[in-house]
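Quick notes on the structure that follows.
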Amino acid sequence: MDKDGFDHLFDRAKERAGLPNANDEVVRNYLRGAIENLVPKITRNYKIAIPVYYVEEKRMQLLLPFISASNSNDVSCFVVDRDDENKIYRLKTIFDLDHAYFSARLITRPDKEW
């Protein structure tokens, strides 16, 4: 990811995580924890990851929910893209719940976490 893309992602993460005035280290730690908590949840229940078709790149992406640090009722989601070459998932951006809802192409019924 280029520097502009990373900066955009980080700024959006601060806003969506409910930490707009927090220092960068706090935001990094919060996001790292949110991602680490998602992995076992997704392993137990695949319905947490909602597929989205990204038309411009003609690829599937996944929406992964996370809860704001400042408000437990405020849910946002990570948008991740599968990198087949490196066999990893890469964080692309962060959507608020409304944007995620309009982008999603539901193949499976969303889990209660949504």
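Naming scheme: A, B, ... for chains in displayed order of the structure tokens; residues 1 onward per chain; ligands 1 onward as shown.
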
Requested in this report: Pick out the residues sitting within 12 Å of Arg28 in chain A, and hand them over as a PyMOL selection string; count only C-alpha atoms, and ignore anything fewer than 2 positions along from it in its own chain.
Outcome: chain A and resi 9-11+13-14+17+19+22-26+30-35

So that I have them on file, write out the residues from the current selection with N, CA, C and O atoms, as an mmCIF file, in the first residue's frame.
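Dumped to out.cif:
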data_model
loop_
_atom_site.group_PDB
_atom_site.id
_atom_site.type_symbol
_atom_site.label_atom_id
_atom_site.label_comp_id
_atom_site.auth_asym_id
_atom_site.auth_seq_id
_atom_site.Cartn_x
_atom_site.Cartn_y
_atom_site.Cartn_z
ATOM 1 N N LEU A 9 -6.309 5.459 5.043
ATOM 2 C CA LEU A 9 -6.845 4.362 5.835
ATOM 3 C C LEU A 9 -6.724 4.667 7.325
ATOM 4 O O LEU A 9 -7.659 4.455 8.091
ATOM 5 N N PHE A 10 -5.587 5.189 7.729
ATOM 6 C CA PHE A 10 -5.364 5.479 9.140
ATOM 7 C C PHE A 10 -6.290 6.596 9.626
ATOM 8 O O PHE A 10 -6.864 6.504 10.711
ATOM 9 N N ASP A 11 -6.458 7.649 8.826
ATOM 10 C CA ASP A 11 -7.376 8.737 9.196
ATOM 11 C C ASP A 11 -8.804 8.223 9.320
ATOM 12 O O ASP A 11 -9.530 8.580 10.243
ATOM 13 N N ALA A 13 -9.650 5.171 9.959
ATOM 14 C CA ALA A 13 -9.693 4.278 11.116
ATOM 15 C C ALA A 13 -9.882 5.070 12.402
ATOM 16 O O ALA A 13 -10.645 4.666 13.283
ATOM 17 N N LYS A 14 -9.197 6.204 12.540
ATOM 18 C CA LYS A 14 -9.343 7.036 13.737
ATOM 19 C C LYS A 14 -10.788 7.501 13.892
ATOM 20 O O LYS A 14 -11.362 7.445 14.979
ATOM 21 N N ALA A 17 -13.209 4.303 14.443
ATOM 22 C CA ALA A 17 -12.989 3.622 15.720
ATOM 23 C C ALA A 17 -13.439 4.476 16.898
ATOM 24 O O ALA A 17 -13.423 4.033 18.034
ATOM 25 N N LEU A 19 -11.964 7.311 17.815
ATOM 26 C CA LEU A 19 -10.768 7.840 18.465
ATOM 27 C C LEU A 19 -10.171 9.001 17.659
ATOM 28 O O LEU A 19 -8.983 9.007 17.365
ATOM 29 N N ALA A 22 -7.170 10.709 19.464
ATOM 30 C CA ALA A 22 -6.163 9.853 20.096
ATOM 31 C C ALA A 22 -4.859 9.898 19.302
ATOM 32 O O ALA A 22 -4.856 10.169 18.102
ATOM 33 N N ASN A 23 -3.752 9.604 19.984
ATOM 34 C CA ASN A 23 -2.482 9.575 19.265
ATOM 35 C C ASN A 23 -2.400 8.297 18.411
ATOM 36 O O ASN A 23 -3.160 7.353 18.610
ATOM 37 N N ASP A 24 -1.476 8.296 17.489
ATOM 38 C CA ASP A 24 -1.384 7.206 16.517
ATOM 39 C C ASP A 24 -1.146 5.852 17.159
ATOM 40 O O ASP A 24 -1.673 4.846 16.703
ATOM 41 N N GLU A 25 -0.365 5.806 18.218
ATOM 42 C CA GLU A 25 -0.060 4.524 18.868
ATOM 43 C C GLU A 25 -1.316 3.906 19.483
ATOM 44 O O GLU A 25 -1.529 2.694 19.415
ATOM 45 N N VAL A 26 -2.164 4.721 20.078
ATOM 46 C CA VAL A 26 -3.411 4.236 20.671
ATOM 47 C C VAL A 26 -4.306 3.651 19.574
ATOM 48 O O VAL A 26 -4.883 2.570 19.726
ATOM 49 N N TYR A 30 -5.503 -0.240 19.174
ATOM 50 C CA TYR A 30 -6.925 -0.571 19.137
ATOM 51 C C TYR A 30 -7.267 -1.392 17.892
ATOM 52 O O TYR A 30 -7.943 -2.411 17.975
ATOM 53 N N LEU A 31 -6.780 -0.954 16.740
ATOM 54 C CA LEU A 31 -7.073 -1.672 15.497
ATOM 55 C C LEU A 31 -6.429 -3.059 15.484
ATOM 56 O O LEU A 31 -7.044 -4.030 15.029
ATOM 57 N N ARG A 32 -5.215 -3.148 15.970
ATOM 58 C CA ARG A 32 -4.539 -4.451 16.054
ATOM 59 C C ARG A 32 -5.371 -5.406 16.918
ATOM 60 O O ARG A 32 -5.591 -6.560 16.572
ATOM 61 N N GLY A 33 -5.849 -4.914 18.049
ATOM 62 C CA GLY A 33 -6.685 -5.733 18.935
ATOM 63 C C GLY A 33 -7.997 -6.123 18.288
ATOM 64 O O GLY A 33 -8.454 -7.265 18.430
ATOM 65 N N ALA A 34 -8.618 -5.174 17.577
ATOM 66 C CA ALA A 34 -9.885 -5.475 16.894
ATOM 67 C C ALA A 34 -9.699 -6.572 15.857
ATOM 68 O O ALA A 34 -10.513 -7.492 15.750
ATOM 69 N N ILE A 35 -8.621 -6.497 15.096
ATOM 70 C CA ILE A 35 -8.356 -7.506 14.068
ATOM 71 C C ILE A 35 -8.042 -8.851 14.715
ATOM 72 O O ILE A 35 -8.555 -9.893 14.291
#

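With CA of Asp81 in chain A on one side and CA of Thr93 in chain A on the other, the separation reads 9.5 Å.
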
Query raised in the report: Leaving out Asp83 in chain A and any residue of its chain fewer than 5 positions from it, which residues lie within 12 Å of it when counting only C-alpha atoms, given as a list in words?
Result: Arg59, Met60, Gln61, Ile88, Tyr89, Arg90, Leu91 and Lys92 of chain A

Using the selection just defined, write its residues with N, CA, C and O atoms as a compact mmCIF listing (two decimals), in the first residue's frame.
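Output file result07.txt follows:
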# COMPACT_ATOMS: atom_id res chain seq x y z
N ARG A 59 -13.41 -8.08 -8.25
CA ARG A 59 -12.93 -8.98 -7.20
C ARG A 59 -13.92 -9.02 -6.05
O ARG A 59 -14.64 -8.06 -5.80
N MET A 60 -13.88 -10.12 -5.34
CA MET A 60 -14.63 -10.22 -4.10
C MET A 60 -13.78 -9.67 -2.96
O MET A 60 -12.56 -9.85 -2.95
N GLN A 61 -14.44 -9.00 -2.04
CA GLN A 61 -13.81 -8.54 -0.82
C GLN A 61 -14.69 -8.98 0.34
O GLN A 61 -15.82 -9.43 0.13
N ILE A 88 -2.58 -14.11 1.76
CA ILE A 88 -2.97 -13.34 2.93
C ILE A 88 -4.20 -12.51 2.59
O ILE A 88 -4.58 -12.39 1.43
N TYR A 89 -4.81 -11.95 3.63
CA TYR A 89 -5.86 -10.96 3.45
C TYR A 89 -5.28 -9.61 3.81
O TYR A 89 -4.60 -9.46 4.81
N ARG A 90 -5.56 -8.60 2.98
CA ARG A 90 -4.99 -7.27 3.17
C ARG A 90 -6.12 -6.27 3.43
O ARG A 90 -7.10 -6.21 2.70
N LEU A 91 -5.96 -5.47 4.47
CA LEU A 91 -6.92 -4.43 4.81
C LEU A 91 -6.89 -3.35 3.73
O LEU A 91 -5.83 -2.81 3.43
N LYS A 92 -8.05 -3.05 3.14
CA LYS A 92 -8.13 -2.06 2.07
C LYS A 92 -8.67 -0.71 2.57
O LYS A 92 -8.16 0.33 2.23

Query raised in the report: Out of A:Val55, A:Leu63, A:Glu15, A:Pro20, which residue has the shortest atom-to-atom distance to Arg82 in chain A when counting only C-alpha atoms?
Result: A:Leu63

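Using only C-alpha atoms for every distance, the candidate list A:Leu97, A:Val27, A:Ile48, A:Leu64 yields A:Leu97 as the residue closest to Ser76 in chain A.
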
Report task. List every residue of range 10-94 of chain A that DSSP, applied to the backbone, labels as helix (DSSP H, G or I), and write the result as a PyMOL selection string. Result -> chain A and resi 10-16+24-44+46-48

Written selection (N, CA and C atoms) as a PDB file, in the first residue's frame:
ATOM      1  N   PHE A  10      -5.587   5.189   7.729  1.00  0.00           N
ATOM      2  CA  PHE A  10      -5.364   5.479   9.140  1.00  0.00           C
ATOM      3  C   PHE A  10      -6.290   6.596   9.626  1.00  0.00           C
ATOM      4  N   ASP A  11      -6.458   7.649   8.826  1.00  0.00           N
ATOM      5  CA  ASP A  11      -7.376   8.737   9.196  1.00  0.00           C
ATOM      6  C   ASP A  11      -8.804   8.223   9.320  1.00  0.00           C
ATOM      7  N   ARG A  12      -9.207   7.392   8.377  1.00  0.00           N
ATOM      8  CA  ARG A  12     -10.553   6.827   8.418  1.00  0.00           C
ATOM      9  C   ARG A  12     -10.703   5.917   9.638  1.00  0.00           C
ATOM     10  N   ALA A  13      -9.650   5.171   9.959  1.00  0.00           N
ATOM     11  CA  ALA A  13      -9.693   4.278  11.116  1.00  0.00           C
ATOM     12  C   ALA A  13      -9.882   5.070  12.402  1.00  0.00           C
ATOM     13  N   LYS A  14      -9.197   6.204  12.540  1.00  0.00           N
ATOM     14  CA  LYS A  14      -9.343   7.036  13.737  1.00  0.00           C
ATOM     15  C   LYS A  14     -10.788   7.501  13.892  1.00  0.00           C
ATOM     16  N   GLU A  15     -11.368   7.927  12.784  1.00  0.00           N
ATOM     17  CA  GLU A  15     -12.747   8.413  12.797  1.00  0.00           C
ATOM     18  C   GLU A  15     -13.722   7.284  13.119  1.00  0.00           C
ATOM     19  N   ARG A  16     -13.615   6.167  12.410  1.00  0.00           N
ATOM     20  CA  ARG A  16     -14.557   5.057  12.561  1.00  0.00           C
ATOM     21  C   ARG A  16     -14.412   4.324  13.895  1.00  0.00           C
ATOM     22  N   ASP A  24      -1.476   8.296  17.489  1.00  0.00           N
ATOM     23  CA  ASP A  24      -1.384   7.206  16.517  1.00  0.00           C
ATOM     24  C   ASP A  24      -1.146   5.852  17.159  1.00  0.00           C
ATOM     25  N   GLU A  25      -0.365   5.806  18.218  1.00  0.00           N
ATOM     26  CA  GLU A  25      -0.060   4.524  18.868  1.00  0.00           C
ATOM     27  C   GLU A  25      -1.316   3.906  19.483  1.00  0.00           C
ATOM     28  N   VAL A  26      -2.164   4.721  20.078  1.00  0.00           N
ATOM     29  CA  VAL A  26      -3.411   4.236  20.671  1.00  0.00           C
ATOM     30  C   VAL A  26      -4.306   3.651  19.574  1.00  0.00           C
ATOM     31  N   VAL A  27      -4.419   4.352  18.466  1.00  0.00           N
ATOM     32  CA  VAL A  27      -5.254   3.881  17.355  1.00  0.00           C
ATOM     33  C   VAL A  27      -4.694   2.577  16.796  1.00  0.00           C
ATOM     34  N   ARG A  28      -3.383   2.517  16.596  1.00  0.00           N
ATOM     35  CA  ARG A  28      -2.739   1.292  16.092  1.00  0.00           C
ATOM     36  C   ARG A  28      -3.031   0.101  17.002  1.00  0.00           C
ATOM     37  N   ASN A  29      -2.880   0.299  18.303  1.00  0.00           N
ATOM     38  CA  ASN A  29      -3.132  -0.781  19.261  1.00  0.00           C
ATOM     39  C   ASN A  29      -4.592  -1.208  19.260  1.00  0.00           C
ATOM     40  N   TYR A  30      -5.503  -0.240  19.174  1.00  0.00           N
ATOM     41  CA  TYR A  30      -6.925  -0.571  19.137  1.00  0.00           C
ATOM     42  C   TYR A  30      -7.267  -1.392  17.892  1.00  0.00           C
ATOM     43  N   LEU A  31      -6.780  -0.954  16.740  1.00  0.00           N
ATOM     44  CA  LEU A  31      -7.073  -1.672  15.497  1.00  0.00           C
ATOM     45  C   LEU A  31      -6.429  -3.059  15.484  1.00  0.00           C
ATOM     46  N   ARG A  32      -5.215  -3.148  15.970  1.00  0.00           N
ATOM     47  CA  ARG A  32      -4.539  -4.451  16.054  1.00  0.00           C
ATOM     48  C   ARG A  32      -5.371  -5.406  16.918  1.00  0.00           C
ATOM     49  N   GLY A  33      -5.849  -4.914  18.049  1.00  0.00           N
ATOM     50  CA  GLY A  33      -6.685  -5.733  18.935  1.00  0.00           C
ATOM     51  C   GLY A  33      -7.997  -6.123  18.288  1.00  0.00           C
ATOM     52  N   ALA A  34      -8.618  -5.174  17.577  1.00  0.00           N
ATOM     53  CA  ALA A  34      -9.885  -5.475  16.894  1.00  0.00           C
ATOM     54  C   ALA A  34      -9.699  -6.572  15.857  1.00  0.00           C
ATOM     55  N   ILE A  35      -8.621  -6.497  15.096  1.00  0.00           N
ATOM     56  CA  ILE A  35      -8.356  -7.506  14.068  1.00  0.00           C
ATOM     57  C   ILE A  35      -8.042  -8.851  14.715  1.00  0.00           C
ATOM     58  N   GLU A  36      -7.211  -8.850  15.755  1.00  0.00           N
ATOM     59  CA  GLU A  36      -6.862 -10.104  16.430  1.00  0.00           C
ATOM     60  C   GLU A  36      -8.085 -10.768  17.061  1.00  0.00           C
ATOM     61  N   ASN A  37      -9.049  -9.971  17.536  1.00  0.00           N
ATOM     62  CA  ASN A  37     -10.277 -10.539  18.097  1.00  0.00           C
ATOM     63  C   ASN A  37     -11.205 -11.087  17.024  1.00  0.00           C
ATOM     64  N   LEU A  38     -11.110 -10.562  15.813  1.00  0.00           N
ATOM     65  CA  LEU A  38     -11.969 -11.037  14.724  1.00  0.00           C
ATOM     66  C   LEU A  38     -11.573 -12.422  14.211  1.00  0.00           C
ATOM     67  N   VAL A  39     -10.296 -12.714  14.199  1.00  0.00           N
ATOM     68  CA  VAL A  39      -9.824 -13.973  13.607  1.00  0.00           C
ATOM     69  C   VAL A  39     -10.491 -15.192  14.245  1.00  0.00           C
ATOM     70  N   PRO A  40     -10.487 -15.350  15.583  1.00  0.00           N
ATOM     71  CA  PRO A  40     -11.157 -16.533  16.144  1.00  0.00           C
ATOM     72  C   PRO A  40     -12.669 -16.536  15.918  1.00  0.00           C
ATOM     73  N   LYS A  41     -13.282 -15.343  15.911  1.00  0.00           N
ATOM     74  CA  LYS A  41     -14.721 -15.266  15.647  1.00  0.00           C
ATOM     75  C   LYS A  41     -15.049 -15.781  14.253  1.00  0.00           C
ATOM     76  N   ILE A  42     -14.257 -15.369  13.283  1.00  0.00           N
ATOM     77  CA  ILE A  42     -14.492 -15.792  11.898  1.00  0.00           C
ATOM     78  C   ILE A  42     -14.210 -17.285  11.747  1.00  0.00           C
ATOM     79  N   THR A  43     -13.202 -17.784  12.467  1.00  0.00           N
ATOM     80  CA  THR A  43     -12.894 -19.212  12.428  1.00  0.00           C
ATOM     81  C   THR A  43     -14.077 -20.020  12.962  1.00  0.00           C
ATOM     82  N   ARG A  44     -14.724 -19.538  14.008  1.00  0.00           N
ATOM     83  CA  ARG A  44     -15.876 -20.230  14.587  1.00  0.00           C
ATOM     84  C   ARG A  44     -17.140 -20.062  13.750  1.00  0.00           C
ATOM     85  N   TYR A  46     -18.247 -18.457  10.020  1.00  0.00           N
ATOM     86  CA  TYR A  46     -17.919 -17.804   8.756  1.00  0.00           C
ATOM     87  C   TYR A  46     -18.917 -16.721   8.360  1.00  0.00           C
ATOM     88  N   LYS A  47     -20.111 -16.721   8.923  1.00  0.00           N
ATOM     89  CA  LYS A  47     -21.132 -15.744   8.546  1.00  0.00           C
ATOM     90  C   LYS A  47     -20.798 -14.330   9.004  1.00  0.00           C
ATOM     91  N   ILE A  48     -19.806 -14.189   9.855  1.00  0.00           N
ATOM     92  CA  ILE A  48     -19.394 -12.855  10.299  1.00  0.00           C
ATOM     93  C   ILE A  48     -18.785 -12.084   9.129  1.00  0.00           C
TER      94      ILE A  48
END

Env of Tyr53 in chain A: 12 Å cut, atoms = only C-alpha atoms, seq-sep filter 4 positions within chain, self excluded. Answer as a compact mmCIF listing (two decimals) with N, CA and C atoms, in the first residue's frame.
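For reference, out_21.txt as written:
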# COMPACT_ATOMS: atom_id res chain seq x y z
N GLU A 57 -12.47 -3.48 -9.66
CA GLU A 57 -11.38 -4.45 -9.76
C GLU A 57 -11.87 -5.85 -10.12
N LYS A 58 -13.19 -6.00 -10.21
CA LYS A 58 -13.81 -7.30 -10.50
C LYS A 58 -13.32 -8.37 -9.55
N ARG A 59 -13.41 -8.08 -8.25
CA ARG A 59 -12.93 -8.98 -7.20
C ARG A 59 -13.92 -9.02 -6.05
N MET A 60 -13.88 -10.12 -5.34
CA MET A 60 -14.63 -10.22 -4.10
C MET A 60 -13.78 -9.67 -2.96
N GLN A 61 -14.44 -9.00 -2.04
CA GLN A 61 -13.81 -8.54 -0.82
C GLN A 61 -14.69 -8.98 0.34
N LEU A 62 -14.19 -8.86 1.54
CA LEU A 62 -14.96 -9.24 2.72
C LEU A 62 -15.13 -8.05 3.64
N LEU A 63 -16.30 -7.95 4.25
CA LEU A 63 -16.58 -6.95 5.28
C LEU A 63 -16.51 -7.65 6.62
N VAL A 79 -12.71 -3.56 5.36
CA VAL A 79 -12.86 -4.17 4.04
C VAL A 79 -11.52 -4.82 3.73
N VAL A 80 -11.53 -6.14 3.56
CA VAL A 80 -10.29 -6.86 3.29
C VAL A 80 -10.35 -7.50 1.92
N ASP A 81 -9.19 -7.62 1.33
CA ASP A 81 -9.01 -8.14 -0.02
C ASP A 81 -8.06 -9.32 0.07
N ALA A 100 -21.37 0.03 4.24
CA ALA A 100 -21.22 -1.43 4.14
C ALA A 100 -22.54 -2.06 3.70
N PHE A 102 -24.99 -0.81 1.91
CA PHE A 102 -25.29 -0.56 0.50
C PHE A 102 -24.31 -1.26 -0.44
N SER A 103 -23.12 -1.58 0.04
CA SER A 103 -22.13 -2.26 -0.79
C SER A 103 -22.26 -3.77 -0.78
N ALA A 104 -22.84 -4.30 0.26
CA ALA A 104 -22.86 -5.76 0.44
C ALA A 104 -23.75 -6.45 -0.58
N ARG A 105 -23.27 -7.58 -1.01
CA ARG A 105 -24.05 -8.50 -1.83
C ARG A 105 -24.17 -9.75 -0.98
N LEU A 106 -25.29 -9.89 -0.31
CA LEU A 106 -25.42 -10.95 0.68
C LEU A 106 -25.56 -12.31 0.02
N ILE A 107 -24.60 -13.15 0.31
CA ILE A 107 -24.65 -14.53 -0.15
C ILE A 107 -25.14 -15.41 0.98

Query raised in the report: At what distance in Å, to one decimal, does CA of Phe66 in chain A lie from CA of Asn86 in chain A?
Result: 24.9 Å

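Checking A:Gly18, A:Glu56, A:Val75, A:Ile50 one by one against Asp98 in chain A, counting only C-alpha atoms, you find the shortest gap at A:Val75.
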
Query raised in the report: Using only C-alpha atoms, which of A:Asn21, A:Phe95, A:Tyr101, A:Asn45 sits nearest Ile67 in chain A?
Result: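 Nearest candidate to Ile67 in chain A out of A:Asn21, A:Phe95, A:Tyr101, A:Asn45: A:Phe95.
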